[in-house]
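Engineer: One structure is given below, represented as structure tokens, and several questions about it will come after.
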2 protein chains.
Amino acid sequence: MDSLRFVLDQSEIPTHWYNVVADLPTPPAPPLGPDGQPVPPEKMAAIFPMAILEQEMSAERWIPIPEPVREIYRLWRPSPLIRARRLEQMLGTPAKLYYKNEGVSPAGSHKPNSAVPQAYYNREAGIRRLTTETGAGQWGSSIAFAGQMFGIDVRVYMVKVSYQQKPFRRSMMQTWGAEVIASPSSMTQTGRDLLAKDADNQGSLGIAISEAVEEAASRPDTNYALGSVLNHVALHQTIIGQEAKKQFEKAGDWPDVVFAPCGGGSSFAGAAFPFVADNAAGGRNGKPVRLVAVEPTSCPSLTKGVYAYDFGDASGFTPMMKMYTLGHDFMPPGIHAGGLRYHGASALVSQLYHEGLIEAVAVPQLATFEAGVMFARAEGIIPAPESNHAIRAAIDEALRCKASGEAKTIFFNLTGHGHFDMAAYDRYFAGELENFDYPAEAIATSLQHLPKFG
Amino acid sequence: MDSLRFVLDQSEIPTHWYNVVADLPTPPAPPLGPDGQPVPPEKMAAIFPMAILEQEMSAERWIPIPEPVREIYRLWRPSPLIRARRLEQMLGTPAKLYYKNEGVSPAGSHKPNSAVPQAYYNREAGIRRLTTETGAGQWGSSIAFAGQMFGIDVRVYMVKVSYQQKPFRRSMMQTWGAEVIASPSSMTQTGRDLLAKDADNQGSLGIAISEAVEEAASRPDTNYALGSVLNHVALHQTIIGQEAKKQFEKAGDWPDVVFAPCGGGSSFAGAAFPFVADNAAGGRNGKPVRLVAVEPTSCPSLTKGVYAYDFGDASGFTPMMKMYTLGHDFMPPGIHAGGLRYHGASALVSQLYHEGLIEAVAVPQLATFEAGVMFARAEGIIPAPESNHAIRAAIDEALRCKASGEAKTIFFNLTGHGHFDMAAYDRYFAGELENFDYPAEAIATSLQHLPKFG
């Protein structure tokens with residue numbers, strides 16, 4: 001029986017994260033403050049520990065993973081690389097399909113890869129509490145889990161509409177000992193002001209970020225943690241692609257193309273960045289690996305956005321970053337892939353795209369669910385709606401191979417399982433989902449509100 | 001970094017199931033029909049394929065696992081054996097705790113271990129449809145998945161109250177292409193009769209079994225599948241304990257005691273039966289491994305039942321089996337471990353208990369959730385309420401070791417994850433769960449209704 005699952009021993013968990021900044025042709029553009037000047041790291045020290053800020057600014061290629069972090073990683077890592085042979089057979093393609101199953105983590109997605117080191121560095125800095133925000137709940141669950149692992153109290157501001165609609169993500173966070181607050185809340189000035197205006201305010205990710213940051217900034221024992229977009233988050237996620245490279249070596253194969261869903265960019269960075277190093281050296285097989293970010297047509301920051309300085313949050317509270325953006329006040333349509341509803345892409349992903357080192361493609365919602373159901377029926381695992389984006393693009397590539405007769409090796413990032421997203425599958429089966437095609441008009445409007453710097 | 005996860009290669013998936021009947025001191029008592037006479041296998045052939053019936057009656061020690069079944073098993077098997085070192089540290093025990101994580105299957109529990117071969121043997125017999133029943137949804141999900149793997153249509157009669165309360169288990173089955181019917185339904189005579197009497201009938205597992213069997217018996221292209229209790233189900237589950245034994249060899253350790261939750265008995269049989277073979281030969285280390293079935297105090301068939309012939313279902317539709325029973329019409333209290341709400345224990349588990357080859361212990365509901373939360377906070381994984389029973393017993397043993405200073409090796413079966421049981425955790429945190437202590441009076445009543453045979 002040949003193997004379809006390529007498993008590494010725990011001793012093979014990478015010892016270093018890979019920092020793509022070392023292989024960028026040009027240095028990253030700095031984050032800018034409200035005055036249009038680069039933000040000094042010290043200004044961020046009120047809410048982040050220095051070790052994280054150093055990673056955020058670092059240009060070192062390899063950054064060591066602390067042993068206590070590897071100790072927690074091995075509760076589920078190395079995650080398996082799996083050959084999706086039943087899916088290949090279902091499609092009748094000569095292509096070989098492989099996926100990395102990040103859904104095996106306790107929180108069910110790739111997010112703990114960064115939550116764990118963030119909790120660790122904060123504890124090492126003497127921090128006893130973390131605040132964060134969560135929408136769909138993947139990040140909030142992950143930081144709740146990571147906080148529990150290191151004895152740090154966690155308060156999660158959960159967008160009120162999600163708090164009400166996704167009670168089981170909330171229960172999961174509480175099981176790991178986190179406190180979950182519906183946002184907007186009376187815990188912060190931001191929340192109180194909003195509730196005074198409208199007691200029924202249903203919240204948004206932007207509001208939840210503002211509440212979490214306000215609290216962290218005002219309490220010396222409390223810091224803030226973010227689950228995507230920033231450089232240090234992308235750094236931590238590179239453990240995915242590094243493991244995958246070792247596993248492809250064991251499989252005696254190598255990808256021609258990599259697909260990962262892309263919202264803020266953490267899962268794409270994790271799967272794809274480690275291949276940028278090879279590509280910079282001409283590619284392992286004498287040709288570069290194609291690296292493709294997959295985004296929703298309804299929120300197409302890379303494929304339809306502009307490359308400009310913009311705020312990281314909806315309300316203009318954060319520093320400005322140079323990135324592909326649809327405008328910080330663009331409100332994405334209500335697709336079920338909540339993790340991809342972000343107006344921009346991380347600065348590093350954006351720069352790689354701008355410099356032509358990666359590609360991007362946009363896929364509509366219905367086609368992603370169709371792909372997810374096909375995957376579940378072939379491989380058993382029910383994927384998260386975000387993951388369905390990568391699966392869709394991988395299936396499309398496999399079908400192109402079927403037409404052309406090419407036996408390409410396709411690798412995609414299965415970022416999580418869909419156990420907490422079954423309501424979305426229900427709506428898909430009931431024919432209640434829509435595609436939300438490219439919202440050109442809304443984007444044109446929000447792009448008029450870009451800040452005037454940069 | 002020493003290993004805490006003991007992973008086997010896919011080539012090490014066992015090639016045979018272990019049949020404990022070969023190591024029983026006395027032959028099993030036969031199932032009896034309504035006339036008090038042994039039921040001939042031919043009578044069951046209307047709803048089961050011959051290959052399954054042969055396994056049901058077999059006394060062969062080793063039964064080969066067909067290659068197409070191993071092919072599907074390897075979508076998730078071998079499942080990992082994990083050393084719960086963080087839990088050991090939290091308890092401050094000198095004991096070593098290991099668990100087998102059966103929650104890694106697509107359906108999230110050990111149930112697919114039997115669903116897959118059942119679907120396979122039915123397809124080989126030319127059967128195109130399977131009916132089954134499900135309460136909490138673990139078995140229904142597993143047969144939905146397995147049917148999809150072999151191209152067999154599946155209809156699941158789901159107890160109506162569960163159908164309404166657990167919509168996401170239903171969505172999961174539908175994602176794998178199964179048809180899910182709220183029971184009682186208008187699909188069967190049984191259902192129509194009940195609905196005519198009471199249109200609001202909320203259903204029960206006994207009713208759902210009757211509907212599934214009635215339909216299978218009346219259609220030549222359709223068979224029936226059962227997820228616990230029967231000998232062939234126990235047989236298929238032994239892959240758990242066989243893998244665990246190989247993994248303990250790799251770990252250089254060996255269990256002193258094994259704990260598994262016990263309702264109908266499939267997960268206990270899976271984890272414990274393969275050690276019966278060693279015990280029959282005096283034990284691997286010169287002493288037998290203690291094998292402990294863990295049941296709820298509210299439904300204590302082994303610890304408080306009688307060993308007698310009784311029906312397998314609530315309504316007296318099935319053959320009678322010799323087993324520990326609380327009486328077939330005993331209605332277990334509404335604990336959240338739905339998989340353990342069964343009035344009896346499988347004939348094989350019962351016989352082993354009667355002959356003193358295994359032990360049993362009962363634990364109350366609140367203590368099981370306390371143990372589950374402790375496990376989640378130490379090891380990350382949120383367990384199914386059924387699994388929490390084994391965890392409770394394992395923790396209690398580890399605490400006894402702490403008191404005595406003994407460094408025992410404790411092995412328990414983590415039968416599934418709790419992603420679809422978060423409502424139960426919610427109620428636990430809200431203080432809304434009760435213990436449902438030993439229901440002596442109800443049991444005394446139902447025991448008066450035992451059939452008068454045997």
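Residues are named by chain letter and number: chains run A, B, ... in the order of the structure tokens, numbers start at 1 in each chain, and ligands are numbered from 1 in the order shown.
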Could you list, as a PyMOL selection string, every residue of chain A that has an atom within 9 Å of an atom of chain B, counting only C-alpha atoms?
Structural biologist: chain A and resi 1-7+9-11+71+74-76+82+104-107+145-146+148-149+167-169+171-172+174-177+373+376-382+419-423+425-426+429
Engineer: Run DSSP on the backbone of this structure and report the residues of segment 112-319 of chain B it assigns to strand (DSSP E or B), as a count of residues only.
Structural biologist: 39
Engineer: What lies within 7 Å of Ile47 of chain B using only C-alpha atoms, ignoring chain neighbours under 4 positions off, as number ranges by chain?
Structural biologist: B: 216-217, 223-224
Engineer: Need to verify the contact set: His110 of chain B, 8 Å, only C-alpha atoms, exclusion of same-chain residues closer than 6 positions in sequence. Can you return it as an MDAnalysis selection string?
Structural biologist: chainID B and resid 102:103 237 267 415:416
Engineer: At what distance in Å, to one decimal, does atom CA of Ser266 of chain A lie from atom CA of Met158 of chain A?
Structural biologist: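 Computing the Euclidean distance for atom CA of Met158 of chain A and atom CA of Ser266 of chain A yields 19.8 Å.
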Engineer: Which residue is closest to Pro80 of chain A? Choose from A:Ala314, A:Met57, A:Val306, A:Leu414 and count only C-alpha atoms.
Structural biologist: A:Leu414
Engineer: Which residues, written as a PDB file with N, CA, C and O atoms, in the first residue's frame, have at least one atom at most 7 Å from Val154 of chain A, with only C-alpha atoms counted and residues fewer than 4 positions away on the same chain left out?
Structural biologist:
```pdb
ATOM      1  N   ARG A 129      -2.637  39.566  30.454  1.00  0.00           N
ATOM      2  CA  ARG A 129      -3.929  39.569  29.759  1.00  0.00           C
ATOM      3  C   ARG A 129      -3.736  39.949  28.303  1.00  0.00           C
ATOM      4  O   ARG A 129      -2.891  40.786  27.986  1.00  0.00           O
ATOM      5  N   LEU A 130      -4.549  39.358  27.435  1.00  0.00           N
ATOM      6  CA  LEU A 130      -4.580  39.755  26.032  1.00  0.00           C
ATOM      7  C   LEU A 130      -6.013  40.104  25.648  1.00  0.00           C
ATOM      8  O   LEU A 130      -6.957  39.452  26.106  1.00  0.00           O
ATOM      9  N   THR A 131      -6.135  41.139  24.814  1.00  0.00           N
ATOM     10  CA  THR A 131      -7.430  41.402  24.193  1.00  0.00           C
ATOM     11  C   THR A 131      -7.294  41.150  22.697  1.00  0.00           C
ATOM     12  O   THR A 131      -6.199  41.267  22.134  1.00  0.00           O
ATOM     13  N   ALA A 144      -7.799  32.131  22.376  1.00  0.00           N
ATOM     14  CA  ALA A 144      -8.319  31.568  23.631  1.00  0.00           C
ATOM     15  C   ALA A 144      -7.541  30.301  23.996  1.00  0.00           C
ATOM     16  O   ALA A 144      -7.099  30.125  25.138  1.00  0.00           O
ATOM     17  N   GLY A 147      -3.844  31.292  24.841  1.00  0.00           N
ATOM     18  CA  GLY A 147      -3.766  31.923  26.158  1.00  0.00           C
ATOM     19  C   GLY A 147      -3.822  30.880  27.264  1.00  0.00           C
ATOM     20  O   GLY A 147      -3.051  30.918  28.227  1.00  0.00           O
ATOM     21  N   ALA A 178     -11.571  31.586  28.029  1.00  0.00           N
ATOM     22  CA  ALA A 178     -11.570  32.993  27.617  1.00  0.00           C
ATOM     23  C   ALA A 178     -12.900  33.662  27.968  1.00  0.00           C
ATOM     24  O   ALA A 178     -13.931  33.000  28.090  1.00  0.00           O
ATOM     25  N   GLU A 179     -12.826  34.976  28.121  1.00  0.00           N
ATOM     26  CA  GLU A 179     -14.029  35.782  28.328  1.00  0.00           C
ATOM     27  C   GLU A 179     -14.431  36.338  26.968  1.00  0.00           C
ATOM     28  O   GLU A 179     -13.601  36.888  26.242  1.00  0.00           O
TER      29      GLU A 179
END
```
Engineer: In Å, with one decimal, what is the gap from atom CA of Gly227 of chain A to atom CA of Val161 of chain A?
Structural biologist: 19.7 Å
Engineer: Distance atom CA of Pro332 of chain A-atom CA of Pro451 of chain A, one decimal place?
Structural biologist: 19.3 Å
Engineer: Skip Pro49 of chain B itself and residues of its chain fewer than 4 positions away, then list as a PyMOL selection string all residues within 7 Å of it, counting only C-alpha atoms.
Structural biologist: chain B and resi 45+53+121-122+125
Engineer: At a cut-off of 8 Å, using only C-alpha atoms, what residues contact Trp254 of chain B? Leave out same-chain residues fewer than 2 positions from it and give the result as a list in words.
Structural biologist: Lys245, Phe248, Glu249, Gly252, Asp256 and Thr409 of chain B
